[in-house]
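Heads up, query-v7.txt below (compact mmCIF, C-alpha atoms and all ligand atoms):
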# COMPACT_ATOMS: atom_id res chain seq x y z
CA MET A 1 -48.00 -30.88 54.90
CA ASP A 2 -48.15 -34.55 55.77
CA SER A 3 -45.41 -35.18 58.25
CA ILE A 4 -43.61 -38.52 58.30
CA GLY A 5 -42.60 -39.79 61.71
CA VAL A 6 -39.11 -41.27 61.82
CA ASN A 7 -37.12 -43.00 64.53
CA LEU A 8 -33.91 -41.50 65.89
CA GLN A 9 -31.66 -43.73 63.78
CA ALA A 10 -33.46 -42.65 60.59
CA ALA A 11 -33.27 -38.99 61.67
CA ALA A 12 -29.53 -39.39 62.25
CA GLU A 13 -29.12 -40.99 58.81
CA LEU A 14 -30.94 -38.07 57.14
CA LEU A 15 -28.42 -35.74 58.77
CA MET A 16 -25.37 -37.91 58.04
CA ARG A 17 -26.01 -38.60 54.33
CA PRO A 18 -23.57 -36.89 51.98
CA GLU A 19 -26.36 -34.90 50.24
CA THR A 20 -26.99 -33.09 53.52
CA ARG A 21 -24.17 -30.58 53.20
CA ASN A 22 -25.60 -27.27 54.45
CA VAL A 23 -27.80 -27.40 57.51
CA VAL A 24 -29.83 -24.57 59.02
CA ILE A 25 -31.09 -25.21 62.55
CA LEU A 26 -34.07 -23.07 63.55
CA THR A 27 -35.02 -22.52 67.18
CA HIS A 28 -38.37 -21.31 68.47
CA ILE A 29 -39.01 -17.63 69.16
CA ALA A 30 -38.92 -16.35 72.76
CA PRO A 31 -35.94 -18.72 73.02
CA ASP A 32 -35.18 -20.68 76.17
CA PRO A 33 -32.12 -22.71 77.18
CA ASP A 34 -33.64 -25.91 75.77
CA THR A 35 -34.06 -24.66 72.22
CA ILE A 36 -30.73 -22.79 72.15
CA GLY A 37 -28.75 -25.56 73.86
CA SER A 38 -30.25 -28.14 71.48
CA ALA A 39 -29.45 -25.98 68.44
CA LEU A 40 -25.86 -25.29 69.50
CA ALA A 41 -25.16 -28.91 70.40
CA LEU A 42 -26.61 -30.22 67.14
CA ARG A 43 -24.63 -27.58 65.27
CA GLY A 44 -21.44 -28.74 66.99
CA ALA A 45 -22.10 -32.41 66.26
CA LEU A 46 -22.86 -31.80 62.57
CA ARG A 47 -19.88 -29.49 62.14
CA SER A 48 -17.61 -32.19 63.47
CA LEU A 49 -19.05 -34.44 60.75
CA GLY A 50 -17.85 -31.89 58.19
CA LYS A 51 -21.19 -30.18 57.49
CA GLN A 52 -21.70 -26.43 57.13
CA VAL A 53 -24.18 -25.55 59.85
CA TRP A 54 -25.88 -22.36 61.01
CA ALA A 55 -28.04 -22.04 64.12
CA VAL A 56 -30.66 -19.34 63.76
CA CYS A 57 -33.36 -17.82 65.95
CA ALA A 58 -35.85 -15.25 64.67
CA ASP A 59 -35.39 -13.37 67.99
CA ARG A 60 -32.20 -11.94 69.39
CA LEU A 61 -30.78 -13.77 72.39
CA SER A 62 -31.15 -12.12 75.78
CA ASP A 63 -28.08 -11.31 77.86
CA ARG A 64 -29.13 -14.06 80.24
CA LEU A 65 -29.22 -16.71 77.50
CA ARG A 66 -25.89 -15.53 76.14
CA ALA A 67 -24.33 -15.73 79.59
CA ILE A 68 -25.57 -19.30 79.94
CA PHE A 69 -24.11 -20.42 76.64
CA ASN A 70 -20.91 -18.42 76.98
CA ALA A 71 -20.40 -20.44 80.17
CA CYS A 72 -20.43 -23.54 77.96
CA GLY A 73 -17.12 -22.53 76.45
CA GLU A 74 -18.11 -21.06 73.07
CA ASP A 75 -18.87 -17.39 72.39
CA CYS A 76 -22.56 -17.00 71.75
CA SER A 77 -23.59 -14.00 69.66
CA PRO A 78 -26.92 -12.21 70.29
CA ARG A 79 -27.93 -13.14 66.72
CA LEU A 80 -26.46 -16.66 66.73
CA ASP A 81 -25.39 -17.39 63.11
CA TYR A 82 -27.99 -15.14 61.49
CA ASP A 83 -25.43 -12.70 60.02
CA GLU A 84 -23.18 -15.45 58.64
CA LEU A 85 -26.15 -17.18 57.08
CA THR A 86 -27.43 -14.01 55.35
CA LYS A 87 -23.95 -13.57 53.89
CA TYR A 88 -23.75 -17.16 52.68
CA ALA A 89 -27.32 -17.18 51.33
CA GLY A 90 -26.87 -13.84 49.55
CA ALA A 91 -29.73 -12.30 51.55
CA ALA A 92 -29.91 -8.64 52.55
CA PRO A 93 -27.99 -8.05 55.77
CA ASP A 94 -30.09 -6.80 58.66
CA THR A 95 -28.60 -3.71 60.27
CA SER A 96 -31.52 -2.92 62.57
CA ASN A 97 -31.22 -3.29 66.27
CA ALA A 98 -34.72 -4.71 66.53
CA ASN A 99 -35.45 -7.81 68.53
CA LYS A 100 -37.13 -9.61 65.63
CA LEU A 101 -34.79 -10.63 62.83
CA PRO A 102 -36.28 -10.56 59.32
CA PRO A 103 -36.53 -13.91 57.56
CA PHE A 104 -35.13 -14.68 54.13
CA GLY A 105 -35.67 -17.56 51.72
CA LEU A 106 -33.99 -20.85 52.58
CA SER A 107 -33.46 -22.51 49.22
CA GLU A 108 -33.29 -26.23 48.45
CA GLU A 109 -29.57 -26.20 49.09
CA PHE A 110 -30.25 -26.02 52.84
CA PHE A 111 -31.44 -28.92 54.93
CA VAL A 112 -33.57 -27.16 57.53
CA VAL A 113 -34.05 -28.63 61.01
CA SER A 114 -36.18 -27.17 63.80
CA VAL A 115 -35.56 -27.90 67.46
CA ASP A 116 -38.05 -27.60 70.33
CA ALA A 117 -40.75 -25.84 68.26
CA ALA A 118 -44.14 -27.49 68.81
CA ALA A 119 -45.89 -25.66 65.97
CA ASP A 120 -44.89 -23.78 62.81
CA HIS A 121 -45.89 -20.32 64.10
CA LEU A 122 -43.17 -20.61 66.75
CA LEU A 123 -40.54 -20.17 64.04
CA GLY A 124 -41.36 -16.45 64.01
CA GLY A 125 -40.27 -14.89 60.72
CA TRP A 126 -39.94 -18.30 59.08
CA ALA A 127 -43.47 -19.35 60.03
CA ASP A 128 -44.89 -18.44 56.60
CA GLU A 129 -42.36 -20.63 54.82
CA ALA A 130 -43.15 -23.44 57.24
CA GLN A 131 -46.90 -22.98 56.78
CA ALA A 132 -46.38 -23.19 53.02
CA GLY A 133 -44.66 -26.55 53.58
CA ARG A 134 -41.27 -25.46 52.25
CA ILE A 135 -39.40 -25.92 55.55
CA PRO A 136 -38.30 -27.58 57.73
CA ASP A 137 -37.06 -30.89 56.42
CA LEU A 138 -36.78 -32.38 59.88
CA MET A 139 -38.05 -31.44 63.34
CA PHE A 140 -37.17 -32.58 66.85
CA ASP A 141 -39.63 -31.87 69.62
CA HIS A 142 -40.91 -33.09 72.96
CA HIS A 143 -43.99 -30.94 73.67
CA ALA A 144 -47.11 -32.78 74.80
CA VAL A 145 -49.30 -30.66 72.57
CA GLY A 146 -48.25 -29.56 69.12
CA THR A 147 -48.68 -30.05 65.41
CA PRO A 148 -45.97 -31.79 63.38
CA PHE A 149 -45.05 -29.47 60.54
CA ALA A 150 -41.79 -30.75 59.04
CA ARG A 151 -41.37 -33.23 56.20
CA PHE A 152 -39.85 -35.68 58.70
CA CYS A 153 -40.37 -35.50 62.41
CA TYR A 154 -38.98 -37.09 65.52
CA ILE A 155 -41.26 -36.28 68.42
CA ASP A 156 -40.88 -37.87 71.84
CA ARG A 157 -43.67 -36.42 73.94
CA ALA A 158 -42.44 -38.27 77.02
CA SER A 159 -39.00 -36.67 76.92
CA CYS A 160 -38.30 -33.97 79.50
CA SER A 161 -36.51 -31.78 76.97
CA THR A 162 -35.43 -31.48 73.39
CA GLY A 163 -31.93 -31.42 74.88
CA GLN A 164 -32.39 -35.04 75.96
CA ILE A 165 -33.50 -36.01 72.45
CA ILE A 166 -30.52 -34.23 70.89
CA ALA A 167 -28.20 -35.96 73.40
CA GLU A 168 -29.60 -39.33 72.28
CA LEU A 169 -29.17 -38.25 68.65
CA CYS A 170 -25.59 -37.10 69.27
CA GLU A 171 -24.75 -40.52 70.69
CA ILE A 172 -25.49 -41.88 67.20
CA LEU A 173 -23.74 -39.01 65.39
CA LEU A 174 -20.68 -38.97 67.68
CA PRO A 175 -20.23 -42.50 69.04
CA ASP A 176 -16.76 -41.70 70.42
CA GLY A 177 -18.07 -39.12 72.90
CA PHE A 178 -18.88 -35.42 73.06
CA PRO A 179 -16.53 -32.47 73.34
CA LYS A 180 -17.02 -30.53 76.57
CA PRO A 181 -18.80 -27.46 75.07
CA LEU A 182 -21.35 -29.69 73.37
CA ALA A 183 -21.96 -31.68 76.56
CA SER A 184 -22.29 -28.41 78.50
CA GLN A 185 -24.87 -27.03 76.04
CA LEU A 186 -26.93 -30.20 76.35
CA TYR A 187 -26.68 -30.12 80.13
CA CYS A 188 -28.04 -26.54 80.23
CA ALA A 189 -30.91 -27.51 77.91
CA ILE A 190 -31.85 -30.55 79.99
CA ALA A 191 -31.34 -29.03 83.46
CA SER A 192 -33.47 -26.05 82.51
CA ASP A 193 -36.40 -27.83 80.83
CA SER A 194 -36.51 -30.57 83.46
CA GLY A 195 -36.87 -27.98 86.24
CA ARG A 196 -33.47 -28.87 87.71
CA PHE A 197 -34.32 -32.57 87.25
CA MET A 198 -37.44 -32.11 89.38
CA TYR A 199 -40.36 -32.58 86.95
CA ASP A 200 -42.12 -35.90 86.54
CA SER A 201 -40.91 -36.10 82.93
CA VAL A 202 -37.46 -36.88 84.37
CA THR A 203 -36.66 -40.59 84.06
CA SER A 204 -33.70 -42.82 84.77
CA GLN A 205 -32.75 -42.24 81.11
CA THR A 206 -32.53 -38.48 81.80
CA LEU A 207 -30.19 -39.14 84.70
CA ARG A 208 -28.13 -41.64 82.67
CA ILE A 209 -27.68 -38.99 79.97
CA ALA A 210 -26.77 -36.39 82.58
CA ALA A 211 -24.22 -38.84 84.01
CA ARG A 212 -22.67 -39.30 80.57
CA LEU A 213 -22.47 -35.51 80.21
CA TYR A 214 -20.65 -35.40 83.56
CA ASP A 215 -18.25 -37.98 82.14
CA CYS A 216 -17.47 -35.55 79.30
CA GLY A 217 -15.93 -33.25 81.91
CA ILE A 218 -18.66 -30.61 82.27
CA ASP A 219 -18.56 -28.25 85.24
CA ALA A 220 -22.17 -28.84 86.27
CA ALA A 221 -22.02 -26.57 89.33
CA GLU A 222 -20.82 -23.66 87.22
CA LEU A 223 -23.45 -24.36 84.54
CA ASN A 224 -26.18 -24.53 87.19
CA ARG A 225 -25.07 -21.16 88.49
CA ALA A 226 -25.24 -19.77 84.94
CA VAL A 227 -28.71 -21.19 84.33
CA PHE A 228 -30.35 -20.70 87.72
CA ASN A 229 -28.40 -18.20 89.84
CA ASN A 230 -27.63 -15.50 87.39
CA LYS A 231 -30.52 -13.07 87.55
CA SER A 232 -30.05 -9.32 87.35
CA PHE A 233 -31.24 -7.08 90.18
CA GLU A 234 -33.95 -5.78 87.79
CA GLN A 235 -35.12 -9.34 87.36
CA PHE A 236 -35.25 -9.69 91.13
CA GLN A 237 -37.37 -6.50 91.31
CA ILE A 238 -39.75 -7.97 88.72
CA GLU A 239 -40.05 -11.06 90.90
CA ARG A 240 -40.89 -8.80 93.84
CA LEU A 241 -43.81 -7.38 91.79
CA CYS A 242 -44.94 -10.94 91.15
CA TYR A 243 -44.77 -11.94 94.81
CA ASN A 244 -46.65 -8.79 95.81
CA SER A 245 -49.46 -9.51 93.36
CA LEU A 246 -49.89 -13.16 94.32
CA ARG A 247 -53.33 -14.19 95.53
CA LEU A 248 -54.84 -17.59 96.28
CA GLY A 249 -58.18 -18.94 95.07
CA HIS A 250 -60.34 -22.06 95.18
CA GLY A 251 -59.52 -22.90 98.79
CA GLY A 252 -55.84 -22.22 98.41
CA THR A 253 -55.35 -24.61 95.48
CA ILE A 254 -54.81 -21.91 92.84
CA GLY A 255 -52.18 -19.18 92.98
CA VAL A 256 -52.56 -16.23 90.60
CA LEU A 257 -50.01 -13.55 89.94
CA SER A 258 -50.00 -10.78 87.38
CA VAL A 259 -47.67 -8.08 86.15
CA THR A 260 -49.30 -5.15 84.36
CA LEU A 261 -47.50 -2.61 82.21
CA ALA A 262 -48.59 0.08 84.69
CA ALA A 263 -47.01 -1.82 87.59
CA LYS A 264 -43.77 -2.16 85.64
CA THR A 265 -43.76 1.55 84.82
CA ALA A 266 -44.44 2.51 88.44
CA ALA A 267 -41.45 0.40 89.51
CA GLY A 268 -39.22 1.87 86.79
CA LEU A 269 -38.94 -1.53 85.11
CA ASP A 270 -40.45 -0.77 81.70
CA ASN A 271 -37.78 -2.51 79.69
CA VAL A 272 -37.31 -5.55 81.90
CA GLU A 273 -38.76 -8.84 80.69
CA VAL A 274 -41.02 -10.78 83.04
CA ASP A 275 -39.22 -14.08 82.89
CA GLY A 276 -38.59 -17.11 85.06
CA VAL A 277 -41.48 -16.48 87.48
CA ALA A 278 -43.89 -19.22 86.47
CA HIS A 279 -42.77 -21.56 89.23
CA ILE A 280 -43.57 -19.10 92.03
CA PRO A 281 -47.20 -20.06 92.88
CA LEU A 282 -46.37 -23.77 93.03
CA THR A 283 -43.81 -23.21 95.79
CA ILE A 284 -46.76 -22.60 98.18
CA ALA A 285 -48.06 -25.67 100.02
CA GLY A 286 -51.45 -26.78 98.72
CA VAL A 287 -51.29 -24.92 95.41
CA GLU A 288 -52.07 -27.25 92.49
CA VAL A 289 -52.34 -24.67 89.69
CA GLY A 290 -50.26 -21.54 89.21
CA ILE A 291 -51.54 -18.82 86.87
CA ILE A 292 -49.20 -16.10 85.64
CA LEU A 293 -50.57 -13.17 83.62
CA LYS A 294 -48.12 -10.85 81.97
CA GLN A 295 -49.53 -7.79 80.25
CA GLN A 296 -47.76 -6.90 77.02
CA LEU A 297 -48.18 -4.97 73.80
CA THR A 298 -48.71 -6.89 70.57
CA ASP A 299 -46.77 -5.90 67.44
CA ASP A 300 -49.76 -3.84 66.32
CA GLY A 301 -49.98 -2.01 69.63
CA HIS A 302 -52.81 -3.89 71.36
CA GLU A 303 -52.63 -4.86 74.99
CA GLU A 304 -52.91 -8.54 75.75
CA TYR A 305 -51.95 -11.00 78.45
CA ALA A 306 -49.32 -13.64 77.91
CA VAL A 307 -50.50 -16.40 80.22
CA SER A 308 -48.41 -19.20 81.72
CA LEU A 309 -49.99 -22.04 83.64
CA ARG A 310 -48.27 -24.60 85.81
CA SER A 311 -49.65 -27.54 87.75
CA ALA A 312 -48.10 -29.55 90.53
CA ARG A 313 -49.59 -33.03 90.21
CA TYR A 314 -52.73 -33.78 88.24
CA ALA A 315 -54.41 -30.72 86.73
CA ASP A 316 -54.08 -30.67 82.91
CA VAL A 317 -53.08 -27.08 82.19
CA ALA A 318 -52.39 -27.78 78.50
CA ALA A 319 -56.14 -28.45 78.11
CA ILE A 320 -56.94 -25.11 79.76
CA CYS A 321 -54.57 -23.23 77.46
CA ALA A 322 -55.94 -25.06 74.42
CA ARG A 323 -59.29 -23.36 75.17
CA PHE A 324 -57.56 -20.06 74.37
CA GLY A 325 -55.67 -21.34 71.34
CA GLY A 326 -52.49 -22.12 73.27
CA GLY A 327 -50.81 -25.33 74.30
CA GLY A 328 -47.94 -26.99 76.09
CA HIS A 329 -47.54 -29.86 78.49
CA LEU A 330 -49.75 -31.41 81.18
CA HIS A 331 -47.88 -29.42 83.85
CA ALA A 332 -46.69 -26.36 81.90
CA ALA A 333 -48.60 -24.53 79.22
CA GLY A 334 -49.23 -21.08 77.83
CA CYS A 335 -51.65 -18.97 75.80
CA ARG A 336 -52.52 -15.38 75.00
CA ILE A 337 -55.71 -13.64 76.07
CA SER A 338 -56.95 -10.26 74.83
CA ALA A 339 -59.29 -9.20 77.62
CA PRO A 340 -59.18 -6.97 80.71
CA LEU A 341 -57.23 -8.46 83.60
CA ALA A 342 -60.24 -9.20 85.82
CA GLU A 343 -62.02 -10.99 82.99
CA ALA A 344 -58.96 -13.04 82.00
CA GLU A 345 -58.32 -14.00 85.64
CA HIS A 346 -61.94 -14.95 86.17
CA ALA A 347 -62.02 -17.23 83.11
CA LEU A 348 -58.72 -18.90 84.00
CA LEU A 349 -59.66 -19.38 87.66
CA ALA A 350 -62.94 -21.04 86.68
CA LEU A 351 -61.22 -23.46 84.30
CA ALA A 352 -58.42 -24.20 86.75
CA ALA A 353 -60.97 -24.89 89.50
CA GLU A 354 -62.77 -27.28 87.15
CA ALA A 355 -59.52 -29.05 86.28
CA ILE A 356 -58.64 -29.40 89.96
CA ASP A 357 -62.07 -30.75 90.90
CA ALA A 358 -62.00 -33.19 87.96
CA GLY A 359 -58.55 -34.38 88.97
CA LYS A 360 -59.51 -34.93 92.61
CA VAL A 361 -62.31 -37.36 91.67
CA GLN A 362 -59.86 -39.68 89.90
MN MN B 401 -38.27 -27.67 75.47

Kindly present the structure from the file in C-alpha cells form.
Amino acid sequence: MDSIGVNLQAAAELLMRPETRNVVILTHIAPDPDTIGSALALRGALRSLGKQVWAVCADRLSDRLRAIFNACGEDCSPRLDYDELTKYAGAAPDTSNANKLPPFGLSEEFFVVSVDAAADHLLGGWADEAQAGRIPDLMFDHHAVGTPFARFCYIDRASCSTGQIIAELCEILLPDGFPKPLASQLYCAIASDSGRFMYDSVTSQTLRIAARLYDCGIDAAELNRAVFNNKSFEQFQIERLCYNSLRLGHGGTIGVLSVTLAAKTAAGLDNVEVDGVAHIPLTIAGVEVGIILKQQLTDDGHEEYAVSLRSARYADVAAICARFGGGGHLHAAGCRISAPLAEAEHALLALAAEAIDAGKVQ
C-alpha cells in the first residue's frame, strides 16, 4: 500500500476526530518496553479523550514486562486488552495458554494504529491483514530501517524511541499535562530504548521530555529499578552462559557470544528466554561490534539463530543485518540465520570486520 507521511499535528487530528471512536493499538511481537509503554500511554491519552481503546500484542507479555508496567500504577495483564477486544469484536475467545495469540478480523469500525513496528511482519498474527493493506490506518515508528505499511505514517528515524514520539503526540492530545501512570509508561519506554539515556540518538529534546515526565510526578528511581534491576536468578544464569561463551575477534574489535539450545539444557535453563544480553560485548574496551547468536526453534521445528548486532561508534550493523533479510538501527540491529553456528559466526565476523575497516578509513 502507498503510505502517506503525515506530521505529528495531522496524526493527532486523525486520532482526535469524532469519527475515530474505536481505536486498536497494535504493538510489535517479541514486545519490549518501548512498544508496550507507547501502546499503554497512547491508550491512556485516547481514553481520556473519550475514545474506546484496546492495546493488543500478538504475543503474551513476559513477567518482566508486566512487572515494569505494573510499577507504572496500572495493572497490566499478560494478554493486554486481547480478551476484551475479542469480546467486543464478536471474535472467538482464545482459551489456549500459548504464547502466540490468534488474530481476528479488525473491521472498518476500528481505527488501527501500530506503535514501534518497523515492518508489517512484526505485527505477528495481524501481519497478513497488514500485508493485504487492510490495517493499520496509522503507524508511529522510529527505526532507522523499515518499510512504511500503514495508510498514514509518522516516522521519525532520528528519535531514540517510539516512546519519545508518543510523548510529543500526547502533548498535543493532552495539553494540560499527563496523569502519572501515563508519564511513567512513557518514561519506561524512553529509558529502555535510549539505553538509559546513553545512546547517541538521545538529544536535548529527549532530556526535555524526560524532565516534563519528572514534572508529572513519576518515581524515576523506582521505574529504573523495574526496567533495569529486576532480573530473575535464571536470567542471571543465562547471562553467565553468555559471558562464558564470549570471544574476541579482529584484533579485539569484535565480541561474539552465543547461547545454544544444548548449553541451555545442560544448565537446566530450557525455558528461560535469552534476553537483555546484547549490550555485553560492548562493555569491553576496544570492542566496536558485538554479535549475539541465540539458537532457537522455529514454529515448524527448525533450528535457527536469532542474531543481534550492536556497535559502539561507527560500524553500521543495520547494513550487516540487511544482508540476511533483517534490519534495525545503525547501532542496533537483528536478523535470523539458518546455518550451523560456526558458519553463521564466520559470515557475521567477516562482515563486521569489513564494516569496522570501512568505518576506520572515514
Ligand atoms: Mn523502539

Leaving out Glu354 (chain A) and any residue of its chain fewer than 4 positions from it, which residues lie within 10 Å of it when counting only C-alpha atoms, given as a PyMOL selection string?
chain A and resi 250+315+320+348-350+358-360

From CA of Gly325 (chain A) to CA of Pro103 (chain A) the spacing works out at 24.7 Å

Return as an mmCIF file with C-alpha atoms, in the coordinates of the input every polymer residue, whether protein, DNA or RNA, with at least one atom no more than 6 Å from an atom of ligand MN 401 (chain B); count only C-alpha atoms and all ligand atoms.
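Contents of the output file result_34.cif:
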data_model
loop_
_atom_site.group_PDB
_atom_site.id
_atom_site.type_symbol
_atom_site.label_atom_id
_atom_site.label_comp_id
_atom_site.auth_asym_id
_atom_site.auth_seq_id
_atom_site.Cartn_x
_atom_site.Cartn_y
_atom_site.Cartn_z
ATOM 1 C CA ASP A 34 -33.640 -25.910 75.770
ATOM 2 C CA ASP A 116 -38.050 -27.600 70.330
ATOM 3 C CA SER A 161 -36.510 -31.780 76.970
ATOM 4 C CA THR A 162 -35.430 -31.480 73.390
ATOM 5 C CA ASP A 193 -36.400 -27.830 80.830
#

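Our summary of the geometry notes that CA of Ser38 (chain A) is positioned 17.3 Å from CA of Met16 (chain A).
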
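Straight-line separation from CA of Val317 (chain A) to CA of Val256 (chain A): 13.7 Å.
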
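Considering the residues A:Val259, A:Ala98, A:Val277, A:Ile36 and counting all atoms listed in the file, Leu341 (chain A) has its shortest atom-to-atom contact with A:Val259.
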
Using all atoms listed in the file, can you tell me which of A:Ala352, A:Cys335, A:Ala262, A:Leu330 comes closest to Glu288 (chain A)?
A:Ala352

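With distances restricted to only C-alpha atoms, A:Ile254 is the closest residue to Asp357 (chain A) from A:Ala89, A:Leu186, A:Ile254, A:Leu80.
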
List as a PyMOL selection string the protein and nucleic acid residues near region 144-156 of chain A, meaning an atom at most 9 Å away when all atoms listed in the file are counted, but skip any in the same chain fewer than 6 places from it.
chain A and resi 1-8+11+113-114+117-120+130-131+133-138+162+165+318+322+327-330

Those residues with C-alpha atoms, as a PDB file, in the frame of the given file please?
ATOM      1  CA  MET A   1     -48.000 -30.880  54.900  1.00  0.00           C
ATOM      2  CA  ASP A   2     -48.150 -34.550  55.770  1.00  0.00           C
ATOM      3  CA  SER A   3     -45.410 -35.180  58.250  1.00  0.00           C
ATOM      4  CA  ILE A   4     -43.610 -38.520  58.300  1.00  0.00           C
ATOM      5  CA  GLY A   5     -42.600 -39.790  61.710  1.00  0.00           C
ATOM      6  CA  VAL A   6     -39.110 -41.270  61.820  1.00  0.00           C
ATOM      7  CA  ASN A   7     -37.120 -43.000  64.530  1.00  0.00           C
ATOM      8  CA  LEU A   8     -33.910 -41.500  65.890  1.00  0.00           C
ATOM      9  CA  ALA A  11     -33.270 -38.990  61.670  1.00  0.00           C
ATOM     10  CA  VAL A 113     -34.050 -28.630  61.010  1.00  0.00           C
ATOM     11  CA  SER A 114     -36.180 -27.170  63.800  1.00  0.00           C
ATOM     12  CA  ALA A 117     -40.750 -25.840  68.260  1.00  0.00           C
ATOM     13  CA  ALA A 118     -44.140 -27.490  68.810  1.00  0.00           C
ATOM     14  CA  ALA A 119     -45.890 -25.660  65.970  1.00  0.00           C
ATOM     15  CA  ASP A 120     -44.890 -23.780  62.810  1.00  0.00           C
ATOM     16  CA  ALA A 130     -43.150 -23.440  57.240  1.00  0.00           C
ATOM     17  CA  GLN A 131     -46.900 -22.980  56.780  1.00  0.00           C
ATOM     18  CA  GLY A 133     -44.660 -26.550  53.580  1.00  0.00           C
ATOM     19  CA  ARG A 134     -41.270 -25.460  52.250  1.00  0.00           C
ATOM     20  CA  ILE A 135     -39.400 -25.920  55.550  1.00  0.00           C
ATOM     21  CA  PRO A 136     -38.300 -27.580  57.730  1.00  0.00           C
ATOM     22  CA  ASP A 137     -37.060 -30.890  56.420  1.00  0.00           C
ATOM     23  CA  LEU A 138     -36.780 -32.380  59.880  1.00  0.00           C
ATOM     24  CA  THR A 162     -35.430 -31.480  73.390  1.00  0.00           C
ATOM     25  CA  ILE A 165     -33.500 -36.010  72.450  1.00  0.00           C
ATOM     26  CA  ALA A 318     -52.390 -27.780  78.500  1.00  0.00           C
ATOM     27  CA  ALA A 322     -55.940 -25.060  74.420  1.00  0.00           C
ATOM     28  CA  GLY A 327     -50.810 -25.330  74.300  1.00  0.00           C
ATOM     29  CA  GLY A 328     -47.940 -26.990  76.090  1.00  0.00           C
ATOM     30  CA  HIS A 329     -47.540 -29.860  78.490  1.00  0.00           C
ATOM     31  CA  LEU A 330     -49.750 -31.410  81.180  1.00  0.00           C
TER      32      LEU A 330
END

Distance criterion (all atoms listed in the file): nearest to Ala67 (chain A) out of A:Tyr187, A:Tyr314, A:Phe228, A:Phe233
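The closest residue to Ala67 (chain A) is A:Phe228.
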
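Residue nearest Asn271 (chain A), chosen from A:Cys242, A:Val115, A:Glu234, A:Ala30 and counting all atoms listed in the file: A:Glu234.
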
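If you measure from each of A:Pro175, A:Gly326, A:Gly268, A:Pro18 to His121 (chain A) using all atoms listed in the file, the closest one turns out to be A:Gly326.
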
Residue neighbourhood Ser204 (chain A), 12 Å, all atoms listed in the file, exclusion window fewer than 4 positions, as a PyMOL selection string
chain A and resi 159-160+164+197+200+208-211

With C-alpha atoms retained, export the selected residues as a PDB file, in the coordinates of the input.
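Listed below is the output, part-v1.pdb:
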ATOM      1  CA  SER A 159     -39.000 -36.670  76.920  1.00  0.00           C
ATOM      2  CA  CYS A 160     -38.300 -33.970  79.500  1.00  0.00           C
ATOM      3  CA  GLN A 164     -32.390 -35.040  75.960  1.00  0.00           C
ATOM      4  CA  PHE A 197     -34.320 -32.570  87.250  1.00  0.00           C
ATOM      5  CA  ASP A 200     -42.120 -35.900  86.540  1.00  0.00           C
ATOM      6  CA  ARG A 208     -28.130 -41.640  82.670  1.00  0.00           C
ATOM      7  CA  ILE A 209     -27.680 -38.990  79.970  1.00  0.00           C
ATOM      8  CA  ALA A 210     -26.770 -36.390  82.580  1.00  0.00           C
ATOM      9  CA  ALA A 211     -24.220 -38.840  84.010  1.00  0.00           C
TER      10      ALA A 211
END

Tell me which protein, DNA and RNA residues are within 6 Å of Gly290 (chain A), counting only C-alpha atoms, leaving out same-chain ones fewer than 3 positions away, and put them as a compact mmCIF listing (two decimals) with C-alpha atoms, in the frame of the given file.
# COMPACT_ATOMS: atom_id res chain seq x y z
CA ILE A 254 -54.81 -21.91 92.84
CA GLY A 255 -52.18 -19.18 92.98
CA VAL A 256 -52.56 -16.23 90.60
CA PRO A 281 -47.20 -20.06 92.88
CA LEU A 282 -46.37 -23.77 93.03
CA LEU A 309 -49.99 -22.04 83.64
CA ARG A 310 -48.27 -24.60 85.81

Work out where the centre of an axis-aligned box around every listed atom of region 178-189 of chain A lies and how long its edges are once 4 Å is added on each side; give both in Å to one decimal as JSON.
{"center_x": -23.7, "center_y": -31.0, "center_z": 76.6, "size_x": 22.4, "size_y": 16.9, "size_z": 15.2}

Can you tell me which residues surround Leu173 (chain A) at a distance of at most 7 Å, considering all atoms listed in the file, apart from same-chain residues fewer than 2 positions away, and format the answer as a list in words?
Ala12, Ala45, Leu169, Cys170, Glu171 and Pro175 of chain A
